[in-house]
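> Attaching a single structure in structure tokens format; questions to follow.
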Amino acid sequence: MKTDLNQIDQKYQYGFKDKIKPVYTTGAGLNENVVRKISAEKHEPQWMLAIRLRAFHIYQRMPMPNFGPDLSHLNLNKIHYFQRDSDHVSRSWDDVPDTIKNTFQKIGVPQAERKYLAGAEAQYESEAVYTNLKSDLKKMGIIFMDTDSALKKHPDLVKQYFGKLVGAATNKFTALNTAVWSGGTFIYVPKGVHATVPLQSFFRINAGNTGQFERTLIIVDEGASINYVEGCTAPTYSEDSLHAAVVEVFVKKDAFCRYTTIQNWSHNVYSLETKRAVADAHARMEWIDGNLGSKITMKYPSVDLNGPYASGSMLSIAFAKHGVYQDTGAIMRHHAPYTSSNVISKSICKDGGVCNYRGKEKIEPNSKHSKSHVECDTIIMDDQSTTDTIPANIVRNGDSTMEHEARVSKISENDLYYLMSRGLSEKQATKMIIMGFIEPFSKQLPMEYAVELNKLIDLQM
Amino acid sequence: MSLVINNLHVKIKENNREVLKGVNLNIPDGEIHAIMGPNGTGKSTLVQTLMGSNKYQITDGEIIFNGTKLNNLAVDERARLGLFLGMQYPTEITGVKNSDFIKAAMEATHPNHHLTVLQFLQRFEHCMNFLDIDHHYADRYLNEGFSGGEKKRNEILQMMMLKPRLAMLDEIDSGLDIDALKVVSNGINHMRAKDFSALIITHYDRILHYVTPDVVHVMMDGRVVTSGGPDLASKLEKEGYAKLRDQLGLKIKLVDDE
Ligand SMILES: Nc1ncnc2c1ncn2[C@@H]1O[C@H](COP(=O)(O)OP(=O)(O)OP(=O)(O)O)[C@@H](O)[C@H]1O
Ligand SMILES: [Mg+2]
């Protein structure tokens with residue numbers, strides 16, 4: 001009853017490419033001139049250009065990461081660092097070009113759109129073409145727009161927070177992002193305001209060789225709360241494509257933020273993202289992160305627990321098929337007493353895929369009475385696939401506790417037998433077991449995402 | 001229509017030991033049969049082999065179910081032909097909701113009989129009420145953390161929902177309290193129909209007071225050594241296997257022999 005994994009030749013479902021001509025492009029490759037052009041094209045303030053240029057010089061100096069997957073095939077000189085396919089950010093759905101609407105249709109956005117697009121923003125190419133704030137969000141004073149628009153409309157807010165959590169020099173790709181960023185989501189939730197619906201954003205890379213360098217900035221002011229959801233799906237192309245986003249989240253005193261991502265890049269995409277959040281006293285930050293596709297993903301969302309009783313969590317799944325390398329994890333830094341963090345990582349690898357958990361938990365001397373818990377669970381579906389857990393756990397005081405559990409297993413023959421004895425085919429049974437395995441993750445997703453995830457896993461089995 | 005087993009020889013793959021040494025059995029449609037026998041004589045092996053477990057290998061003989069030879073069919077194919085095994089030790093599967101699983105299983109076993117979600121829920125509720133199962137078990141993960149008795153009830157729930165043609169129930173009565181035994185027995189009696197048959201493995205004649213079998217078989221050392229009516233069960237209960245063995249003139253060592 002061994003699982004016949006090669007039986008199903010699965011083509012990337014969303015592997016289509018729309019014919020859209022970029023309206024403006026800086027061409028392939030990067031130099032100081034390109035950085036200047038990007039900034040000029042967007043009519044940015046001088047201080048932003050200064051940030052970009054500084055970052056560009058850091059980028060030139062910085063080495064590639066010296067750990068994890070092999071990035072030597074990523075040719076940074078062949079990437080188009082900026083192009084836009086639509087001149088302005090459109091406000092209403094009617095203004096969204098038909099080709100883009102078609103794309104949304106192909107990836108099944110319309111259903112979700114009816115409910116959510118009214119308040120959602122879609123990232124298409126390097127810039128948002130669709131921004132429509134739900135009027136009640138506006139009434140509540142919530143700012144929700146693409147980061148380029150935010151820079152124009154709320155320059156002081158952007159200036160106050162931009163790059164304060166993820167400095168350009170964090171790693172080579174944060175430097176690159178800071179130099180050439182474009183698009184991304186900006187959210188500000190004022191004090192005491194609770195966003196009642198999840199804010200959602202649809203991301204998509206289209207033209208081959210287009211770098212995506214979104215810059216997302218979320219500020220949840222004191223006592224406020226927000227639930228932000230982003231889903232990505234990308235078409236397949238022949239050349240490598242880079243996605244190097246930076247996300248900064250500020251969760252103020254007593255505030256709450258949940259940031260959900262489902263990433264399903266096609267199998268030529270390098271997804272090298274840096275996500276960092278800071279939680280002040282009694283605040284809570286939750287990362288929910290699903291990595292289903294890409295060629296290589298390196299992503300280790302982090303939370304700095306800076307105030308007493310702050311808490312952070314990371315709930316993630318990673319799925320790696322043949323040719324996919326998922327190097328993901330979480331970083332929790334405890335800098336205050338009575339802080340707690342919880343990490344649950346679930347991975348599935350098959351057909352030679354690689355899933356690594358790389359994480360770091362650090363409890364500093366000033367964070368007495370703190371707790372940290374990490375759980376890594378992997379299902380490895382065949383002998384070609386590999387997995388590794390690389391934790392770094394550091395506790396620098398005697399009053400805190402840290403737990404780390406790691407499990408690697410195969411799909412149990414007994415479980416398969418039981419399900420099949422009720423008539424399910426081996427494929428159905430396998431899928432059901434996998435869905436059960438990631439259930440702690442999927443049950444946290446908004447309904448449409450859970451349904452979509454279900455379909456995606458179905459396709460991958 | 002019926003289940004026919006001819007001269008079935010089965011060995012355990014793991015250690016090559018022959019456990020079934022020529023089983024012959026015939027269960028016509030509409031009948032309920034019981035199998036009794038000492039520990040380790042191959043009762044579970046028999047029903048697991050019928051279901052298609054890959055732990056066992058048929059070395060000789062054949063299994064015919066409603067005219068189809070089962071020997072080389074996969075587990076799920078057998079289930080779709082109408083076989084059902086209520087297991088001695090049901091598996092716990094995390095993250096899979098009981099109701100989701102049962103719905104998927106119904107769709108798999110009855111592909112031409114489409115149920116709407118509402119129809120499914122109504123039937124599910126009806127069966128849970130019938131078996132006195134609290135409704136929150138619909139959302140529990142499959143058998144996870146269920147008590148021994150709850151697992152058995154859940155097997156019967158699945159049987160009632162899936163409506164198999166042949167239900168094999170392996171020690172469905174063990175671990176059940178007195179009330180649960182009645183409830184489960186009701187469930188089995190409820191299934192009685194012209195196109196339904198059952199094979200109940202048990203150690204005690206208690207369940208057979210509630211579910212009257214048409215035939216009782218006794219297995220020893222990998223064979224069916226004798227068969228009879230319901231009174232055979234009560235006789236065994238009183239006299240034990242050693243006496244029966246001696247009456248039959250068999251040279252078999254039983255586990256409890258000194
Ligand atoms: N998967 C297995 N691996 C090893 N040995 C097995 C396996 N299955 C059955 N056996 C052995 O085969 C023999 C028959 O086992 P089986 O479970 O069929 O007995 P049984 O009649 O159902 O007993 P009980 O009344 O105790 O349930 C026993 O000796 C048992 O140890
Ligand atoms: Mg048994």
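Labels for the structure tokens follow display order: chains A, B, ..., residues from 1 in each chain, ligands from 1.
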Which residues of chain B are close to chain A, meaning at most 10 Å apart when you count only C-alpha atoms, and how do they look as an MDAnalysis selection string?
chainID B and resid 48 51:55 74:87 90:97 100:102 104:110 141:142 158:159 162 164
> Those residues you just picked out, can you put them in a file as a tab-separated table (two decimals), in the first residue's frame with N, CA and C atoms?

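Once written, again_6.tsv looks like this:
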chain	number	residue	atom	x	y	z
B	48	GLN	N	-9.42	-9.19	8.90
B	48	GLN	CA	-8.47	-8.25	8.31
B	48	GLN	C	-8.10	-8.68	6.90
B	51	MET	N	-10.84	-7.86	4.60
B	51	MET	CA	-10.87	-6.43	4.29
B	51	MET	C	-9.73	-6.03	3.37
B	52	GLY	N	-8.63	-6.82	3.39
B	52	GLY	CA	-7.53	-6.54	2.47
B	52	GLY	C	-6.30	-5.92	3.12
B	53	SER	N	-6.16	-6.07	4.42
B	53	SER	CA	-4.97	-5.54	5.10
B	53	SER	C	-3.70	-6.09	4.47
B	54	ASN	N	-2.71	-5.22	4.29
B	54	ASN	CA	-1.48	-5.67	3.64
B	54	ASN	C	-0.51	-6.35	4.61
B	55	LYS	N	-0.95	-6.56	5.83
B	55	LYS	CA	-0.09	-7.28	6.78
B	55	LYS	C	-0.17	-8.78	6.58
B	74	ALA	N	-7.81	-4.20	-3.88
B	74	ALA	CA	-7.32	-3.27	-2.85
B	74	ALA	C	-8.40	-3.03	-1.80
B	75	VAL	N	-7.94	-2.58	-0.65
B	75	VAL	CA	-8.83	-2.33	0.48
B	75	VAL	C	-10.03	-1.46	0.08
B	76	ASP	N	-9.73	-0.33	-0.58
B	76	ASP	CA	-10.82	0.60	-0.88
B	76	ASP	C	-11.80	0.02	-1.90
B	77	GLU	N	-11.28	-0.83	-2.80
B	77	GLU	CA	-12.18	-1.46	-3.76
B	77	GLU	C	-13.16	-2.39	-3.03
B	78	ARG	N	-12.63	-3.09	-2.05
B	78	ARG	CA	-13.50	-3.99	-1.27
B	78	ARG	C	-14.56	-3.19	-0.52
B	79	ALA	N	-14.12	-2.06	0.03
B	79	ALA	CA	-15.08	-1.23	0.76
B	79	ALA	C	-16.18	-0.76	-0.18
B	80	ARG	N	-15.78	-0.43	-1.39
B	80	ARG	CA	-16.78	0.07	-2.33
B	80	ARG	C	-17.71	-1.04	-2.83
B	81	LEU	N	-17.25	-2.31	-2.68
B	81	LEU	CA	-18.15	-3.42	-3.01
B	81	LEU	C	-19.14	-3.67	-1.88
B	82	GLY	N	-18.90	-3.02	-0.73
B	82	GLY	CA	-19.86	-3.17	0.36
B	82	GLY	C	-19.32	-3.87	1.60
B	83	LEU	N	-18.01	-4.09	1.67
B	83	LEU	CA	-17.44	-4.68	2.89
B	83	LEU	C	-17.17	-3.59	3.92
B	84	PHE	N	-17.35	-3.95	5.15
B	84	PHE	CA	-17.10	-2.99	6.23
B	84	PHE	C	-16.48	-3.77	7.38
B	85	LEU	N	-15.42	-3.20	7.95
B	85	LEU	CA	-14.81	-3.84	9.11
B	85	LEU	C	-14.83	-2.90	10.30
B	86	GLY	N	-15.60	-3.28	11.30
B	86	GLY	CA	-15.56	-2.56	12.57
B	86	GLY	C	-14.37	-3.12	13.33
B	87	MET	N	-13.35	-2.30	13.49
B	87	MET	CA	-12.07	-2.85	13.94
B	87	MET	C	-11.99	-3.05	15.45
B	90	PRO	N	-9.81	0.61	16.61
B	90	PRO	CA	-9.95	1.68	15.60
B	90	PRO	C	-8.83	2.72	15.72
B	91	THR	N	-8.40	3.20	14.58
B	91	THR	CA	-7.28	4.13	14.51
B	91	THR	C	-7.72	5.56	14.85
B	92	GLU	N	-6.84	6.27	15.54
B	92	GLU	CA	-7.11	7.69	15.83
B	92	GLU	C	-6.43	8.55	14.76
B	93	ILE	N	-7.16	9.47	14.15
B	93	ILE	CA	-6.53	10.33	13.15
B	93	ILE	C	-6.77	11.80	13.50
B	94	THR	N	-5.68	12.46	13.84
B	94	THR	CA	-5.74	13.86	14.26
B	94	THR	C	-6.12	14.78	13.11
B	95	GLY	N	-6.92	15.77	13.43
B	95	GLY	CA	-7.20	16.83	12.46
B	95	GLY	C	-8.31	16.49	11.48
B	96	VAL	N	-8.71	15.22	11.44
B	96	VAL	CA	-9.78	14.83	10.52
B	96	VAL	C	-11.08	14.77	11.30
B	97	LYS	N	-12.00	15.63	10.94
B	97	LYS	CA	-13.26	15.66	11.68
B	97	LYS	C	-14.10	14.44	11.38
B	100	ASP	N	-16.70	15.00	8.66
B	100	ASP	CA	-16.10	15.17	7.33
B	100	ASP	C	-15.69	13.81	6.77
B	101	PHE	N	-15.09	13.03	7.65
B	101	PHE	CA	-14.62	11.71	7.23
B	101	PHE	C	-15.80	10.84	6.80
B	102	ILE	N	-16.82	10.80	7.63
B	102	ILE	CA	-17.95	9.93	7.32
B	102	ILE	C	-18.64	10.37	6.03
B	104	ALA	N	-17.20	11.90	3.49
B	104	ALA	CA	-16.33	11.50	2.38
B	104	ALA	C	-16.46	10.00	2.12
B	105	ALA	N	-16.54	9.23	3.19
B	105	ALA	CA	-16.66	7.78	3.04
B	105	ALA	C	-17.99	7.41	2.38
B	106	MET	N	-19.05	8.13	2.74
B	106	MET	CA	-20.35	7.85	2.10
B	106	MET	C	-20.30	8.15	0.62
B	107	GLU	N	-19.67	9.25	0.29
B	107	GLU	CA	-19.56	9.62	-1.13
B	107	GLU	C	-18.73	8.58	-1.89
B	108	ALA	N	-17.69	8.08	-1.22
B	108	ALA	CA	-16.82	7.09	-1.88
B	108	ALA	C	-17.54	5.76	-2.07
B	109	THR	N	-18.32	5.35	-1.08
B	109	THR	CA	-18.95	4.04	-1.18
B	109	THR	C	-20.28	4.07	-1.94
B	110	HIS	N	-20.88	5.25	-2.03
B	110	HIS	CA	-22.15	5.36	-2.76
B	110	HIS	C	-22.06	6.49	-3.79
B	141	TYR	N	-12.10	15.05	16.37
B	141	TYR	CA	-11.23	14.38	15.42
B	141	TYR	C	-11.46	12.88	15.50
B	142	LEU	N	-11.31	12.25	14.36
B	142	LEU	CA	-11.64	10.84	14.20
B	142	LEU	C	-11.00	9.96	15.28
B	158	GLN	N	-20.47	4.58	11.91
B	158	GLN	CA	-20.00	4.52	10.52
B	158	GLN	C	-20.74	3.45	9.74
B	159	MET	N	-20.94	2.31	10.40
B	159	MET	CA	-21.65	1.21	9.72
B	159	MET	C	-23.05	1.66	9.34
B	162	LEU	N	-22.80	4.18	6.43
B	162	LEU	CA	-22.28	3.68	5.16
B	162	LEU	C	-23.14	2.56	4.57
B	164	PRO	N	-23.17	-0.85	4.66
B	164	PRO	CA	-22.44	-1.85	3.86
B	164	PRO	C	-23.32	-3.07	3.56
> Give me the residues within 12 Å of Lys13 of chain B as an MDAnalysis selection string, counting only C-alpha atoms and dropping any in the same chain fewer than 5 places off.
chainID B and resid 18:19 45 49 53:59
> For the residues in the current selection, export N, CA and C atoms as an mmCIF file, in the first residue's frame.

data_model
loop_
_atom_site.group_PDB
_atom_site.id
_atom_site.type_symbol
_atom_site.label_atom_id
_atom_site.label_comp_id
_atom_site.auth_asym_id
_atom_site.auth_seq_id
_atom_site.Cartn_x
_atom_site.Cartn_y
_atom_site.Cartn_z
ATOM 1 N N GLU B 18 2.124 -19.047 9.331
ATOM 2 C CA GLU B 18 0.780 -19.328 8.836
ATOM 3 C C GLU B 18 -0.202 -19.265 9.998
ATOM 4 N N VAL B 19 -1.207 -18.425 9.854
ATOM 5 C CA VAL B 19 -2.182 -18.269 10.935
ATOM 6 C C VAL B 19 -3.521 -18.892 10.557
ATOM 7 N N THR B 45 -7.343 -11.981 12.225
ATOM 8 C CA THR B 45 -6.616 -12.200 10.973
ATOM 9 C C THR B 45 -7.586 -12.487 9.838
ATOM 10 N N THR B 49 -7.949 -9.991 6.724
ATOM 11 C CA THR B 49 -7.632 -10.511 5.391
ATOM 12 C C THR B 49 -8.801 -10.274 4.442
ATOM 13 N N SER B 53 -6.157 -6.075 4.425
ATOM 14 C CA SER B 53 -4.972 -5.541 5.102
ATOM 15 C C SER B 53 -3.699 -6.090 4.473
ATOM 16 N N ASN B 54 -2.714 -5.216 4.294
ATOM 17 C CA ASN B 54 -1.480 -5.673 3.641
ATOM 18 C C ASN B 54 -0.515 -6.347 4.608
ATOM 19 N N LYS B 55 -0.954 -6.563 5.832
ATOM 20 C CA LYS B 55 -0.091 -7.277 6.781
ATOM 21 C C LYS B 55 -0.171 -8.783 6.582
ATOM 22 N N TYR B 56 -1.171 -9.193 5.832
ATOM 23 C CA TYR B 56 -1.406 -10.626 5.683
ATOM 24 C C TYR B 56 -1.338 -11.032 4.223
ATOM 25 N N GLN B 57 -0.884 -12.255 4.026
ATOM 26 C CA GLN B 57 -0.782 -12.726 2.655
ATOM 27 C C GLN B 57 -1.550 -14.023 2.479
ATOM 28 N N ILE B 58 -2.375 -14.050 1.451
ATOM 29 C CA ILE B 58 -3.126 -15.272 1.152
ATOM 30 C C ILE B 58 -2.198 -16.215 0.405
ATOM 31 N N THR B 59 -2.027 -17.406 0.918
ATOM 32 C CA THR B 59 -1.148 -18.354 0.236
ATOM 33 C C THR B 59 -1.951 -19.396 -0.534
#
> Going by DSSP on the backbone, which bits of segment 89-144 of chain B are helix (DSSP H, G or I)? Write them as number ranges by chain, please.
B: 98-109, 117-130, 135-138
> Go ahead and write the residues just picked, C-alpha atoms, as an mmCIF file, in the first residue's frame.

data_model
loop_
_atom_site.group_PDB
_atom_site.id
_atom_site.type_symbol
_atom_site.label_atom_id
_atom_site.label_comp_id
_atom_site.auth_asym_id
_atom_site.auth_seq_id
_atom_site.Cartn_x
_atom_site.Cartn_y
_atom_site.Cartn_z
ATOM 1 C CA ASN B 98 -15.495 12.702 12.300
ATOM 2 C CA SER B 99 -18.355 14.123 10.229
ATOM 3 C CA ASP B 100 -16.097 15.166 7.333
ATOM 4 C CA PHE B 101 -14.624 11.709 7.229
ATOM 5 C CA ILE B 102 -17.951 9.926 7.322
ATOM 6 C CA LYS B 103 -19.341 12.175 4.608
ATOM 7 C CA ALA B 104 -16.330 11.503 2.383
ATOM 8 C CA ALA B 105 -16.663 7.777 3.044
ATOM 9 C CA MET B 106 -20.350 7.845 2.105
ATOM 10 C CA GLU B 107 -19.560 9.619 -1.125
ATOM 11 C CA ALA B 108 -16.822 7.094 -1.878
ATOM 12 C CA THR B 109 -18.954 4.035 -1.177
ATOM 13 C CA VAL B 117 -25.236 18.579 3.017
ATOM 14 C CA LEU B 118 -28.605 18.926 4.682
ATOM 15 C CA GLN B 119 -29.630 15.359 3.903
ATOM 16 C CA PHE B 120 -26.331 14.148 5.216
ATOM 17 C CA LEU B 121 -26.650 16.105 8.428
ATOM 18 C CA GLN B 122 -30.173 14.886 9.008
ATOM 19 C CA ARG B 123 -29.166 11.291 8.589
ATOM 20 C CA PHE B 124 -26.054 11.793 10.659
ATOM 21 C CA GLU B 125 -28.025 13.309 13.475
ATOM 22 C CA HIS B 126 -30.584 10.550 13.291
ATOM 23 C CA CYS B 127 -27.907 7.863 13.589
ATOM 24 C CA MET B 128 -26.141 9.666 16.414
ATOM 25 C CA ASN B 129 -29.395 9.938 18.294
ATOM 26 C CA PHE B 130 -30.089 6.288 17.663
ATOM 27 C CA HIS B 135 -23.610 15.611 18.837
ATOM 28 C CA HIS B 136 -20.282 17.182 19.588
ATOM 29 C CA TYR B 137 -18.645 13.939 18.449
ATOM 30 C CA ALA B 138 -19.437 15.078 14.907
#
> Could you pull out the residues sitting within 7 Å of ligand 2, using only C-alpha atoms and all ligand atoms, and write them as a list in words?
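So, counting only C-alpha atoms and all ligand atoms, the residues near ligand 2 are Gly40, Lys43, Ser44, Gln88 and Asp170 of chain B.
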> Write out as an MDAnalysis selection string all residues of segment 120-253 of chain B that backbone DSSP assigns to strand (DSSP E).
chainID B and resid 166:170 197:201 215:220 223:228
> With only C-alpha atoms and all ligand atoms as the basis for distance, which of B:Val47, B:Leu169, B:Met161, B:Val216 is at the shortest distance from ligand 1?
B:Val47
> What is the distance between atom CA of Lys253 of chain A and atom CA of Lys191 of chain A, in Å to one decimal?
9.7 Å
> For Leu453 of chain A, which residue out of A:Gly293, A:Gly29, A:Pro198, A:Gly183 is the nearest one, using only C-alpha atoms?
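That would be A:Gly293, the residue with the smallest distance to Leu453 of chain A.
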> Skipping near chain neighbours, those fewer than 4 positions away, what residues fall within 6 Å of segment 53-69 of chain A using only C-alpha atoms, listed as a tab-separated table (two decimals) with all heavy atoms, in the first residue's frame?

chain	number	residue	atom	x	y	z
A	168	ALA	N	18.02	48.60	6.44
A	168	ALA	CA	18.54	48.17	5.14
A	168	ALA	C	19.63	47.12	5.30
A	168	ALA	O	19.73	46.17	4.54
A	168	ALA	CB	19.07	49.38	4.37
A	172	LYS	N	21.18	41.10	2.72
A	172	LYS	CA	21.35	41.61	1.36
A	172	LYS	C	20.02	41.97	0.72
A	172	LYS	O	19.91	42.95	-0.02
A	172	LYS	CB	22.09	40.59	0.49
A	172	LYS	CG	22.50	41.17	-0.86
A	172	LYS	CD	23.45	40.25	-1.60
A	172	LYS	CE	23.96	40.89	-2.89
A	172	LYS	NZ	25.00	41.91	-2.66
A	175	ALA	N	18.39	45.15	2.04
A	175	ALA	CA	19.07	46.29	1.43
A	175	ALA	C	18.52	46.52	0.02
A	175	ALA	O	18.18	47.64	-0.36
A	175	ALA	CB	20.57	46.04	1.39
A	176	LEU	N	18.41	45.43	-0.72
A	176	LEU	CA	17.89	45.52	-2.08
A	176	LEU	C	16.46	46.08	-2.07
A	176	LEU	O	16.11	46.98	-2.83
A	176	LEU	CB	17.92	44.13	-2.73
A	176	LEU	CG	17.39	44.04	-4.16
A	176	LEU	CD1	18.19	44.92	-5.09
A	176	LEU	CD2	17.43	42.59	-4.64
A	178	THR	N	14.98	47.86	0.19
A	178	THR	CA	14.93	49.26	0.59
A	178	THR	C	15.35	50.18	-0.56
A	178	THR	O	14.81	51.27	-0.73
A	178	THR	CB	15.84	49.49	1.82
A	178	THR	OG1	15.49	48.53	2.82
A	178	THR	CG2	15.67	50.88	2.40
A	179	ALA	N	16.26	49.69	-1.39
A	179	ALA	CA	16.72	50.50	-2.52
A	179	ALA	C	15.68	50.60	-3.64
A	179	ALA	O	15.53	51.64	-4.24
A	179	ALA	CB	18.02	49.91	-3.08
> Have a look at B:Tyr89, B:Phe196, B:Phe65, B:Phe146 and name the one nearest to ligand 1; count only C-alpha atoms and all ligand atoms.
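Closest residue, counting only C-alpha atoms and all ligand atoms: B:Tyr89.
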> Under the rule that only C-alpha atoms and all ligand atoms are counted, which of B:Glu171, B:Glu237, B:Asp29, B:Asp134 is the nearest residue to ligand 1?
B:Glu171
> Would you please work out which residue, of B:Ile156, B:Ala198, B:Val224, B:Leu232, is nearest to ligand 1 when using only C-alpha atoms and all ligand atoms?
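For ligand 1, the nearest of the candidates is B:Val224.
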> Would you compute the distance between atom CA of Leu199 of chain A and atom CA of Asp148 of chain A? Give it in Å to one decimal.
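Here the two named atoms are 17.9 Å from each other.
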> Counting only C-alpha atoms, what is within 12 Å of Gly323 of chain A, bar same-chain residues fewer than 4 positions away, as a ChimeraX atom specification?
/A:69,266-270,293-297,319,349-355,384-386
> Considering only C-alpha atoms, state which residue in the set B:Ala193, B:Ile32, B:Asp60, B:Val215 is at the smallest distance from Asn7 of chain B.
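Closest to Asn7 of chain B, using only C-alpha atoms: B:Asp60.
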> Considering only C-alpha atoms, return as a PyMOL selection string whatever protein or nucleic-acid residues lie within 12 Å of Ser225 of chain A, sequence-local ones (same chain, fewer than 4 positions apart) excluded.
chain A and resi 140+142+187-199+218-221+250-259+283-286
